[in-house]
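Scroll down for the structure; my scribbles are underneath it.
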Amino acid sequence: MDFVGKTAVVTGGANGIGLATARLLRSRGADVWVFDREQEKPEEVAAAFTAHGASVDVADLQSLEACFARVESVDVVVANAGTVIYHSLSATTAEEWNRVISVNLTGVFYTVQLAASRMKPQRKGSIVLTASTNSYDGEVDLTAYNASKAGILGILHTAANEFGPYGVRINAVCPGLIRTRLTESLFNSPRALKEYFRHIPMGRGGSPEEVANAIVFLASDAASFITGTTLLVDGGQMASKFGTWTEERADFFGDRWWLR
Ligand SMILES: NC(=O)c1ccc[n+]([C@@H]2O[C@H](COP(=O)([O-])OP(=O)(O)OC[C@H]3O[C@@H](n4cnc5c(N)ncnc54)[C@H](O)[C@@H]3O)[C@@H](O)[C@H]2O)c1
């Protein structure tokens, strides 16, 4: 997975999964751009690993266009910026719905559109989207988030169909529960984790680096015949319908389940 001579853009690259991805791409030789909100100080964050930073709101097409205009040519785009609001379906306000959809779904649409406008004339390029296990399931209190992540799969499949003839690939990772500030409150509650992790065959949550490995694989030439697909990075969670871990044969400590 060699990215020497390639340029990569990572949206939401100043924190969590995006930051781990930007760092990994940089370590593999890519010239990396971190696109993130101004308050996350993307220039400062990126400079720490000799990458570039640009302030953006992915929900605002003009701001995203201005950032892409600063990047000479682009080989890899990771559409990763995302946000979450926890509310039941009945309690979700129109404003909350619009906010989550505009960042997580419209933001990905804009990013993919701009990436493709640069990649199609080059007849090459690779786009990776950060979807979620929530693209498939109906976790409570996450109506807008679940809808946005399911919608990303619609973009994925259509774009793969349209971009394939131009030699441009597009794929998505579907992370399960990953320890980032988005999920920090859950990780701070051992009781909640114990119940959540019952359904994860690996018995634990994931790290941003474990998702970054999958993103960078899909972005790389090692995935040259892979497009239009999703890669679950969930410790087996989507394969576990009835729960994997019970007190009869396992103990929960140190933020994970262990076989006795
Ligand atoms: N953490 C998890 O368990 C998990 C699971 C599945 C999917 N995801 C997805 O992974 C992606 C990254 O999330 P994370 O967990 O690393 O969280 P994070 O909060 O650490 O990172 C998200 C980044 O997106 C940026 N962002 C948010 N709104 C933006 C906007 N309008 N314009 C530009 N940047 C914006 C934030 O500033 C932040 O840097 C998200 O799309 C999230 O939905 C996370």
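Following the order of the structure tokens, chains are lettered A, B, ..., residues in each are numbered from 1, and ligands are numbered from 1.
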
*List every residue of region 95-205 of chain A that DSSP, applied to the backbone of this structure, places in helix (DSSP H, G or I), and write the result as a PyMOL selection string.*
chain A and resi 95-122+133-135+143-166+184-187+190-197

If you count only C-alpha atoms, which residues fall within 12 Å of Arg169 (chain A), apart from same-chain ones fewer than 3 positions away, as a JSON list (two decimals) with N, CA and C atoms, in the first residue's frame?
```
[["chain", "number", "residue", "atom", "x", "y", "z"],
["A", 75, "ASP", "N", -5.85, 12.05, -5.92],
["A", 75, "ASP", "CA", -5.92, 10.63, -6.26],
["A", 75, "ASP", "C", -6.83, 9.84, -5.32],
["A", 76, "VAL", "N", -6.89, 10.30, -4.06],
["A", 76, "VAL", "CA", -7.67, 9.60, -3.03],
["A", 76, "VAL", "C", -8.51, 10.61, -2.27],
["A", 77, "VAL", "N", -9.81, 10.34, -2.14],
["A", 77, "VAL", "CA", -10.66, 11.18, -1.30],
["A", 77, "VAL", "C", -11.40, 10.29, -0.30],
["A", 78, "VAL", "N", -11.27, 10.62, 0.97],
["A", 78, "VAL", "CA", -11.97, 9.89, 2.02],
["A", 78, "VAL", "C", -13.06, 10.81, 2.56],
["A", 112, "VAL", "N", -18.23, 13.65, -2.91],
["A", 112, "VAL", "CA", -18.08, 12.66, -3.98],
["A", 112, "VAL", "C", -18.17, 13.35, -5.34],
["A", 115, "ALA", "N", -14.92, 15.21, -5.89],
["A", 115, "ALA", "CA", -13.83, 14.24, -6.11],
["A", 115, "ALA", "C", -13.91, 13.71, -7.53],
["A", 116, "ALA", "N", -15.10, 13.34, -7.94],
["A", 116, "ALA", "CA", -15.27, 12.74, -9.27],
["A", 116, "ALA", "C", -14.96, 13.74, -10.38],
["A", 119, "MET", "N", -11.33, 13.45, -10.67],
["A", 119, "MET", "CA", -10.76, 12.13, -10.97],
["A", 119, "MET", "C", -11.15, 11.61, -12.35],
["A", 120, "LYS", "N", -12.39, 11.88, -12.78],
["A", 120, "LYS", "CA", -12.85, 11.32, -14.05],
["A", 120, "LYS", "C", -11.98, 11.76, -15.23],
["A", 123, "ARG", "N", -8.99, 9.75, -15.42],
["A", 123, "ARG", "CA", -9.26, 8.32, -15.63],
["A", 123, "ARG", "C", -8.68, 7.45, -14.52],
["A", 124, "LYS", "N", -8.60, 8.00, -13.33],
["A", 124, "LYS", "CA", -8.17, 7.20, -12.16],
["A", 124, "LYS", "C", -8.51, 7.94, -10.88],
["A", 125, "GLY", "N", -8.57, 7.17, -9.81],
["A", 125, "GLY", "CA", -8.85, 7.75, -8.51],
["A", 125, "GLY", "C", -9.61, 6.76, -7.65],
["A", 126, "SER", "N", -9.57, 7.00, -6.35],
["A", 126, "SER", "CA", -10.25, 6.11, -5.42],
["A", 126, "SER", "C", -10.92, 6.93, -4.32],
["A", 127, "ILE", "N", -12.19, 6.63, -4.09],
["A", 127, "ILE", "CA", -12.96, 7.34, -3.07],
["A", 127, "ILE", "C", -13.40, 6.32, -2.02],
["A", 128, "VAL", "N", -13.26, 6.70, -0.75],
["A", 128, "VAL", "CA", -13.75, 5.82, 0.31],
["A", 128, "VAL", "C", -14.69, 6.62, 1.20],
["A", 129, "LEU", "N", -15.86, 6.06, 1.48],
["A", 129, "LEU", "CA", -16.86, 6.72, 2.33],
["A", 129, "LEU", "C", -16.87, 6.06, 3.70],
["A", 156, "LEU", "N", -23.10, 5.38, -2.83],
["A", 156, "LEU", "CA", -22.03, 4.42, -3.14],
["A", 156, "LEU", "C", -22.35, 3.59, -4.38],
["A", 157, "HIS", "N", -23.54, 2.99, -4.38],
["A", 157, "HIS", "CA", -23.87, 2.06, -5.47],
["A", 157, "HIS", "C", -24.01, 2.79, -6.80],
["A", 158, "THR", "N", -24.65, 3.96, -6.76],
["A", 158, "THR", "CA", -24.85, 4.72, -8.00],
["A", 158, "THR", "C", -23.51, 5.22, -8.54],
["A", 159, "ALA", "N", -22.69, 5.74, -7.63],
["A", 159, "ALA", "CA", -21.40, 6.29, -8.06],
["A", 159, "ALA", "C", -20.50, 5.19, -8.63],
["A", 160, "ALA", "N", -20.52, 4.01, -8.01],
["A", 160, "ALA", "CA", -19.68, 2.91, -8.53],
["A", 160, "ALA", "C", -20.09, 2.59, -9.96],
["A", 161, "ASN", "N", -21.39, 2.60, -10.18],
["A", 161, "ASN", "CA", -21.92, 2.31, -11.51],
["A", 161, "ASN", "C", -21.51, 3.39, -12.52],
["A", 162, "GLU", "N", -21.60, 4.63, -12.10],
["A", 162, "GLU", "CA", -21.32, 5.73, -13.03],
["A", 162, "GLU", "C", -19.82, 5.98, -13.23],
["A", 163, "PHE", "N", -19.02, 5.76, -12.18],
["A", 163, "PHE", "CA", -17.60, 6.13, -12.25],
["A", 163, "PHE", "C", -16.70, 4.99, -12.76],
["A", 164, "GLY", "N", -17.18, 3.75, -12.63],
["A", 164, "GLY", "CA", -16.37, 2.60, -13.04],
["A", 164, "GLY", "C", -15.77, 2.76, -14.43],
["A", 165, "PRO", "N", -16.58, 3.15, -15.42],
["A", 165, "PRO", "CA", -16.04, 3.29, -16.78],
["A", 165, "PRO", "C", -14.90, 4.29, -16.88],
["A", 166, "TYR", "N", -14.78, 5.18, -15.90],
["A", 166, "TYR", "CA", -13.70, 6.19, -15.91],
["A", 166, "TYR", "C", -12.48, 5.72, -15.11],
["A", 172, "ALA", "N", -16.97, 1.79, 0.61],
["A", 172, "ALA", "CA", -17.29, 2.34, 1.94],
["A", 172, "ALA", "C", -16.84, 1.39, 3.03],
["A", 218, "LEU", "N", -8.79, -0.03, 1.01],
["A", 218, "LEU", "CA", -9.74, 0.23, -0.08],
["A", 218, "LEU", "C", -9.26, 1.36, -0.99],
["A", 219, "ALA", "N", -8.56, 2.32, -0.41],
["A", 219, "ALA", "CA", -8.05, 3.45, -1.21],
["A", 219, "ALA", "C", -6.87, 3.04, -2.09],
["A", 220, "SER", "N", -6.22, 1.96, -1.73],
["A", 220, "SER", "CA", -4.94, 1.62, -2.36],
["A", 220, "SER", "C", -5.10, 0.78, -3.62],
["A", 221, "ASP", "N", -4.01, 0.64, -4.36],
["A", 221, "ASP", "CA", -4.01, -0.21, -5.55],
["A", 221, "ASP", "C", -4.18, -1.69, -5.19],
["A", 223, "ALA", "N", -6.56, -2.78, -3.80],
["A", 223, "ALA", "CA", -8.00, -3.02, -3.98],
["A", 223, "ALA", "C", -8.43, -2.66, -5.41],
["A", 224, "SER", "N", -7.52, -2.88, -6.37],
["A", 224, "SER", "CA", -7.74, -2.35, -7.73],
["A", 224, "SER", "C", -8.97, -2.90, -8.45],
["A", 225, "PHE", "N", -9.49, -4.06, -8.03],
["A", 225, "PHE", "CA", -10.70, -4.60, -8.69],
["A", 225, "PHE", "C", -11.91, -4.55, -7.75],
["A", 226, "ILE", "N", -11.83, -3.69, -6.75],
["A", 226, "ILE", "CA", -12.92, -3.59, -5.77],
["A", 226, "ILE", "C", -13.59, -2.23, -5.91],
["A", 227, "THR", "N", -14.87, -2.23, -6.26],
["A", 227, "THR", "CA", -15.63, -0.98, -6.28],
["A", 227, "THR", "C", -17.09, -1.28, -5.97],
["A", 228, "GLY", "N", -17.76, -0.31, -5.34],
["A", 228, "GLY", "CA", -19.19, -0.44, -5.05],
["A", 228, "GLY", "C", -19.48, -1.32, -3.86],
["A", 229, "THR", "N", -18.46, -1.59, -3.05],
["A", 229, "THR", "CA", -18.68, -2.53, -1.95],
["A", 229, "THR", "C", -18.51, -1.86, -0.59]]
```

*Once you count only C-alpha atoms and all ligand atoms, which residues end up within 6 Å of ligand 1, and could you hand them over as number ranges by chain?*
A: 11-18, 36-37, 40, 56-59, 80-83, 103, 130-132, 175-183

Go ahead and write the residues just picked, N, CA and C atoms, as an mmCIF file, in the first residue's frame.
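The resulting again_21.cif:
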```cif
data_model
loop_
_atom_site.group_PDB
_atom_site.id
_atom_site.type_symbol
_atom_site.label_atom_id
_atom_site.label_comp_id
_atom_site.auth_asym_id
_atom_site.auth_seq_id
_atom_site.Cartn_x
_atom_site.Cartn_y
_atom_site.Cartn_z
ATOM 1 N N THR A 11 -11.832 14.227 4.665
ATOM 2 C CA THR A 11 -12.740 15.151 5.351
ATOM 3 C C THR A 11 -12.965 14.641 6.778
ATOM 4 N N GLY A 12 -13.140 15.574 7.697
ATOM 5 C CA GLY A 12 -13.235 15.174 9.100
ATOM 6 C C GLY A 12 -11.917 14.572 9.556
ATOM 7 N N GLY A 13 -10.829 15.071 8.975
ATOM 8 C CA GLY A 13 -9.519 14.459 9.209
ATOM 9 C C GLY A 13 -8.778 14.960 10.436
ATOM 10 N N ALA A 14 -9.411 15.834 11.211
ATOM 11 C CA ALA A 14 -8.708 16.391 12.374
ATOM 12 C C ALA A 14 -8.905 15.579 13.650
ATOM 13 N N ASN A 15 -9.784 14.583 13.597
ATOM 14 C CA ASN A 15 -10.073 13.790 14.800
ATOM 15 C C ASN A 15 -10.386 12.341 14.426
ATOM 16 N N GLY A 16 -10.321 11.501 15.437
ATOM 17 C CA GLY A 16 -10.857 10.136 15.367
ATOM 18 C C GLY A 16 -10.407 9.341 14.156
ATOM 19 N N ILE A 17 -11.383 8.748 13.485
ATOM 20 C CA ILE A 17 -11.111 7.849 12.352
ATOM 21 C C ILE A 17 -10.414 8.601 11.213
ATOM 22 N N GLY A 18 -10.864 9.836 10.964
ATOM 23 C CA GLY A 18 -10.267 10.629 9.882
ATOM 24 C C GLY A 18 -8.818 10.949 10.163
ATOM 25 N N ASP A 36 -11.335 20.006 7.613
ATOM 26 C CA ASP A 36 -12.179 19.895 8.821
ATOM 27 C C ASP A 36 -12.690 21.272 9.212
ATOM 28 N N ARG A 37 -13.569 21.321 10.172
ATOM 29 C CA ARG A 37 -14.156 22.587 10.608
ATOM 30 C C ARG A 37 -13.093 23.469 11.247
ATOM 31 N N GLU A 40 -11.670 23.039 14.698
ATOM 32 C CA GLU A 40 -10.815 21.865 14.944
ATOM 33 C C GLU A 40 -9.370 22.129 14.543
ATOM 34 N N VAL A 56 -13.216 23.835 6.534
ATOM 35 C CA VAL A 56 -14.352 23.586 5.649
ATOM 36 C C VAL A 56 -15.591 23.231 6.461
ATOM 37 N N ASP A 57 -16.753 23.505 5.870
ATOM 38 C CA ASP A 57 -17.996 22.897 6.342
ATOM 39 C C ASP A 57 -18.486 22.054 5.171
ATOM 40 N N VAL A 58 -18.450 20.737 5.325
ATOM 41 C CA VAL A 58 -18.795 19.868 4.181
ATOM 42 C C VAL A 58 -20.253 20.020 3.745
ATOM 43 N N ALA A 59 -21.067 20.601 4.617
ATOM 44 C CA ALA A 59 -22.478 20.817 4.260
ATOM 45 C C ALA A 59 -22.658 22.064 3.402
ATOM 46 N N ASN A 80 -15.374 11.351 5.111
ATOM 47 C CA ASN A 80 -15.480 10.764 6.449
ATOM 48 C C ASN A 80 -16.177 11.669 7.462
ATOM 49 N N ALA A 81 -16.246 12.986 7.197
ATOM 50 C CA ALA A 81 -16.822 13.907 8.185
ATOM 51 C C ALA A 81 -18.234 13.460 8.559
ATOM 52 N N GLY A 82 -18.523 13.499 9.835
ATOM 53 C CA GLY A 82 -19.850 13.073 10.265
ATOM 54 C C GLY A 82 -20.182 13.601 11.640
ATOM 55 N N THR A 83 -21.472 13.608 11.930
ATOM 56 C CA THR A 83 -21.935 14.076 13.220
ATOM 57 C C THR A 83 -23.108 13.214 13.667
ATOM 58 N N VAL A 103 -24.862 17.267 6.965
ATOM 59 C CA VAL A 103 -23.434 16.931 7.140
ATOM 60 C C VAL A 103 -23.150 15.517 6.618
ATOM 61 N N THR A 130 -17.098 6.856 4.734
ATOM 62 C CA THR A 130 -17.298 6.252 6.053
ATOM 63 C C THR A 130 -18.797 6.130 6.283
ATOM 64 N N ALA A 131 -19.307 4.928 6.049
ATOM 65 C CA ALA A 131 -20.714 4.636 6.361
ATOM 66 C C ALA A 131 -20.747 4.112 7.796
ATOM 67 N N SER A 132 -21.485 3.047 8.066
ATOM 68 C CA SER A 132 -21.601 2.570 9.447
ATOM 69 C C SER A 132 -22.363 1.248 9.474
ATOM 70 N N PRO A 175 -17.950 1.020 9.984
ATOM 71 C CA PRO A 175 -17.435 0.743 11.328
ATOM 72 C C PRO A 175 -18.575 0.393 12.289
ATOM 73 N N GLY A 176 -18.239 -0.456 13.250
ATOM 74 C CA GLY A 176 -19.150 -0.704 14.372
ATOM 75 C C GLY A 176 -18.835 0.330 15.436
ATOM 76 N N LEU A 177 -18.741 -0.117 16.684
ATOM 77 C CA LEU A 177 -18.468 0.851 17.756
ATOM 78 C C LEU A 177 -16.954 1.079 17.869
ATOM 79 N N ILE A 178 -16.561 2.330 17.606
ATOM 80 C CA ILE A 178 -15.141 2.699 17.596
ATOM 81 C C ILE A 178 -14.929 3.770 18.660
ATOM 82 N N ARG A 179 -13.845 3.664 19.375
ATOM 83 C CA ARG A 179 -13.601 4.636 20.450
ATOM 84 C C ARG A 179 -13.093 5.962 19.873
ATOM 85 N N THR A 180 -13.985 6.948 19.794
ATOM 86 C CA THR A 180 -13.623 8.315 19.394
ATOM 87 C C THR A 180 -14.432 9.238 20.294
ATOM 88 N N ARG A 181 -14.276 10.535 20.110
ATOM 89 C CA ARG A 181 -15.037 11.422 21.002
ATOM 90 C C ARG A 181 -16.542 11.323 20.727
ATOM 91 N N LEU A 182 -16.902 10.826 19.513
ATOM 92 C CA LEU A 182 -18.315 10.616 19.183
ATOM 93 C C LEU A 182 -18.954 9.585 20.109
ATOM 94 N N THR A 183 -18.137 8.660 20.604
ATOM 95 C CA THR A 183 -18.662 7.548 21.406
ATOM 96 C C THR A 183 -18.083 7.547 22.822
#
```

Please tabulate, as a Markdown table, the residues of region 9-116 of chain A that come within 10 Å of region 140-148 of chain A, each with its closest pair of atoms and the distance in Å to one decimal, counting only C-alpha atoms and ordering rows by chain, then residue number upward.
```
| residue | atom | partner | partner_atom | distance |
| --- | --- | --- | --- | --- |
| A:Gly82 | CA | A:Tyr145 | CA | 9.2 |
| A:Thr83 | CA | A:Tyr145 | CA | 7.9 |
| A:Val84 | CA | A:Tyr145 | CA | 6.0 |
| A:Ile85 | CA | A:Leu142 | CA | 6.9 |
| A:Tyr86 | CA | A:Asp141 | CA | 5.2 |
| A:His87 | CA | A:Asp141 | CA | 4.5 |
| A:Ser88 | CA | A:Asp141 | CA | 4.0 |
| A:Leu89 | CA | A:Thr143 | CA | 5.5 |
| A:Ser90 | CA | A:Asp141 | CA | 9.2 |
| A:Ala91 | CA | A:Asp141 | CA | 8.9 |
| A:Thr92 | CA | A:Thr143 | CA | 7.9 |
| A:Thr93 | CA | A:Ala144 | CA | 9.9 |
| A:Ala94 | CA | A:Ala144 | CA | 9.9 |
| A:Glu96 | CA | A:Ala144 | CA | 7.9 |
| A:Trp97 | CA | A:Ala144 | CA | 5.4 |
| A:Asn98 | CA | A:Ala144 | CA | 8.3 |
| A:Arg99 | CA | A:Ala144 | CA | 8.9 |
| A:Val100 | CA | A:Ala144 | CA | 6.2 |
| A:Ile101 | CA | A:Ser148 | CA | 5.5 |
| A:Ser102 | CA | A:Ser148 | CA | 8.7 |
| A:Val103 | CA | A:Ser148 | CA | 8.8 |
| A:Asn104 | CA | A:Ser148 | CA | 5.8 |
| A:Leu105 | CA | A:Ser148 | CA | 5.2 |
| A:Thr106 | CA | A:Ser148 | CA | 8.7 |
| A:Val108 | CA | A:Ser148 | CA | 9.7 |
```

*Check region 80-228 of chain A with DSSP on the backbone and list each residue it calls strand (DSSP E or B), as a VMD selection string.*
chain A and resid 87 125 to 130 142 168 to 175 178 206

Residues from the last selection, all heavy atoms, saved as a compact mmCIF listing (two decimals), in the first residue's frame:
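The resulting part33.txt:
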```txt
# COMPACT_ATOMS: atom_id res chain seq x y z
N HIS A 87 -31.70 11.28 19.57
CA HIS A 87 -33.08 11.60 19.91
C HIS A 87 -33.97 10.51 19.33
O HIS A 87 -33.70 10.01 18.24
CB HIS A 87 -33.48 12.95 19.30
CG HIS A 87 -33.63 14.03 20.32
ND1 HIS A 87 -33.62 15.36 19.99
CD2 HIS A 87 -33.80 13.97 21.66
CE1 HIS A 87 -33.77 16.08 21.08
NE2 HIS A 87 -33.86 15.26 22.11
N GLY A 125 -8.57 7.17 -9.81
CA GLY A 125 -8.85 7.75 -8.51
C GLY A 125 -9.61 6.76 -7.65
O GLY A 125 -10.20 5.79 -8.15
N SER A 126 -9.57 7.00 -6.35
CA SER A 126 -10.25 6.11 -5.42
C SER A 126 -10.92 6.93 -4.32
O SER A 126 -10.29 7.79 -3.72
CB SER A 126 -9.24 5.13 -4.83
OG SER A 126 -9.88 4.29 -3.89
N ILE A 127 -12.19 6.63 -4.09
CA ILE A 127 -12.96 7.34 -3.07
C ILE A 127 -13.40 6.32 -2.02
O ILE A 127 -13.82 5.22 -2.38
CB ILE A 127 -14.22 8.00 -3.71
CG1 ILE A 127 -13.81 8.95 -4.85
CG2 ILE A 127 -15.06 8.73 -2.66
CD1 ILE A 127 -14.97 9.39 -5.74
N VAL A 128 -13.26 6.70 -0.75
CA VAL A 128 -13.75 5.82 0.31
C VAL A 128 -14.69 6.62 1.20
O VAL A 128 -14.37 7.75 1.61
CB VAL A 128 -12.60 5.23 1.16
CG1 VAL A 128 -13.16 4.24 2.20
CG2 VAL A 128 -11.57 4.52 0.27
N LEU A 129 -15.86 6.06 1.48
CA LEU A 129 -16.86 6.72 2.33
C LEU A 129 -16.87 6.06 3.70
O LEU A 129 -16.70 4.84 3.81
CB LEU A 129 -18.26 6.57 1.70
CG LEU A 129 -18.37 6.82 0.19
CD1 LEU A 129 -19.80 6.56 -0.28
CD2 LEU A 129 -17.92 8.24 -0.14
N THR A 130 -17.10 6.86 4.73
CA THR A 130 -17.30 6.25 6.05
C THR A 130 -18.80 6.13 6.28
O THR A 130 -19.48 7.11 6.60
CB THR A 130 -16.65 7.08 7.17
OG1 THR A 130 -15.27 7.31 6.84
CG2 THR A 130 -16.70 6.33 8.49
N LEU A 142 -31.47 7.14 16.96
CA LEU A 142 -30.52 7.58 15.93
C LEU A 142 -31.19 7.66 14.55
O LEU A 142 -30.57 7.32 13.54
CB LEU A 142 -29.33 6.62 15.88
CG LEU A 142 -28.32 6.73 17.03
CD1 LEU A 142 -27.36 5.55 17.05
CD2 LEU A 142 -27.52 8.03 16.93
N VAL A 168 -12.50 5.11 -11.98
CA VAL A 168 -12.57 5.66 -10.62
C VAL A 168 -13.35 4.69 -9.74
O VAL A 168 -14.48 4.32 -10.05
CB VAL A 168 -13.26 7.05 -10.63
CG1 VAL A 168 -13.43 7.57 -9.20
CG2 VAL A 168 -12.45 8.03 -11.48
N ARG A 169 -12.72 4.26 -8.64
CA ARG A 169 -13.36 3.31 -7.71
C ARG A 169 -13.96 4.06 -6.53
O ARG A 169 -13.47 5.12 -6.14
CB ARG A 169 -12.34 2.29 -7.20
CG ARG A 169 -11.73 1.42 -8.29
CD ARG A 169 -10.80 0.35 -7.72
NE ARG A 169 -9.67 0.90 -6.99
CZ ARG A 169 -9.57 0.94 -5.66
NH1 ARG A 169 -10.52 0.43 -4.89
NH2 ARG A 169 -8.50 1.46 -5.08
N ILE A 170 -15.02 3.49 -5.96
CA ILE A 170 -15.61 4.05 -4.74
C ILE A 170 -16.10 2.90 -3.86
O ILE A 170 -16.75 1.97 -4.35
CB ILE A 170 -16.75 5.06 -5.06
CG1 ILE A 170 -17.35 5.62 -3.77
CG2 ILE A 170 -17.83 4.45 -5.95
CD1 ILE A 170 -18.22 6.86 -3.98
N ASN A 171 -15.74 2.95 -2.60
CA ASN A 171 -16.12 1.92 -1.64
C ASN A 171 -16.44 2.58 -0.31
O ASN A 171 -16.20 3.78 -0.13
CB ASN A 171 -14.98 0.90 -1.47
CG ASN A 171 -14.76 0.10 -2.74
OD1 ASN A 171 -15.56 -0.76 -3.11
ND2 ASN A 171 -13.66 0.40 -3.46
N ALA A 172 -16.97 1.79 0.61
CA ALA A 172 -17.29 2.34 1.94
C ALA A 172 -16.84 1.39 3.03
O ALA A 172 -16.87 0.16 2.85
CB ALA A 172 -18.80 2.57 2.06
N VAL A 173 -16.42 1.95 4.14
CA VAL A 173 -16.24 1.15 5.35
C VAL A 173 -17.47 1.34 6.22
O VAL A 173 -18.09 2.42 6.21
CB VAL A 173 -14.97 1.52 6.16
CG1 VAL A 173 -13.72 1.10 5.43
CG2 VAL A 173 -14.94 2.99 6.52
N CYS A 174 -17.82 0.29 6.94
CA CYS A 174 -18.95 0.35 7.87
C CYS A 174 -18.43 0.02 9.27
O CYS A 174 -18.45 -1.16 9.69
CB CYS A 174 -20.05 -0.63 7.46
SG CYS A 174 -20.85 -0.17 5.93
N PRO A 175 -17.95 1.02 9.98
CA PRO A 175 -17.44 0.74 11.33
C PRO A 175 -18.58 0.39 12.29
O PRO A 175 -19.70 0.89 12.15
CB PRO A 175 -16.78 2.07 11.74
CG PRO A 175 -16.64 2.87 10.49
CD PRO A 175 -17.75 2.43 9.60
N ILE A 178 -16.56 2.33 17.61
CA ILE A 178 -15.14 2.70 17.60
C ILE A 178 -14.93 3.77 18.66
O ILE A 178 -15.74 4.71 18.77
CB ILE A 178 -14.74 3.27 16.21
CG1 ILE A 178 -15.18 2.32 15.08
CG2 ILE A 178 -13.24 3.55 16.16
CD1 ILE A 178 -14.60 0.92 15.13
N GLY A 206 -13.67 -1.03 18.74
CA GLY A 206 -12.52 -0.89 17.84
C GLY A 206 -11.80 0.42 18.07
O GLY A 206 -12.30 1.33 18.73
```

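Nearest residue to Glu72 (chain A), choosing from A:Ala212, A:Ala8, A:Ile152, A:Ala46 and counting only C-alpha atoms: A:Ala8.
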
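The residue that comes closest to Arg256 (chain A), out of A:Met202, A:Thr230, A:Asp137, A:Gly235 and on the basis of only C-alpha atoms, is A:Met202.
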
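The residue that comes closest to Arg118 (chain A), out of A:Glu65, A:Asp255, A:Asp31, A:Asp234 and on the basis of only C-alpha atoms, is A:Glu65.
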
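Counting only C-alpha atoms, the residue from A:Glu139, A:Leu19, A:Gln39, A:Gly29 that sits nearest to Thr7 (chain A) is A:Gly29.
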
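Of the residues listed (A:Leu64, A:Gly167, A:Thr244, A:Lys149), A:Thr244 shows the shortest atom-to-atom separation from Pro201 (chain A); distances use only C-alpha atoms.
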
_I need the residue nearest Ser117 (chain A) from this list: A:Ala54, A:Ala69, A:Leu186, A:Val211. Use only C-alpha atoms for the distance._
A:Ala69
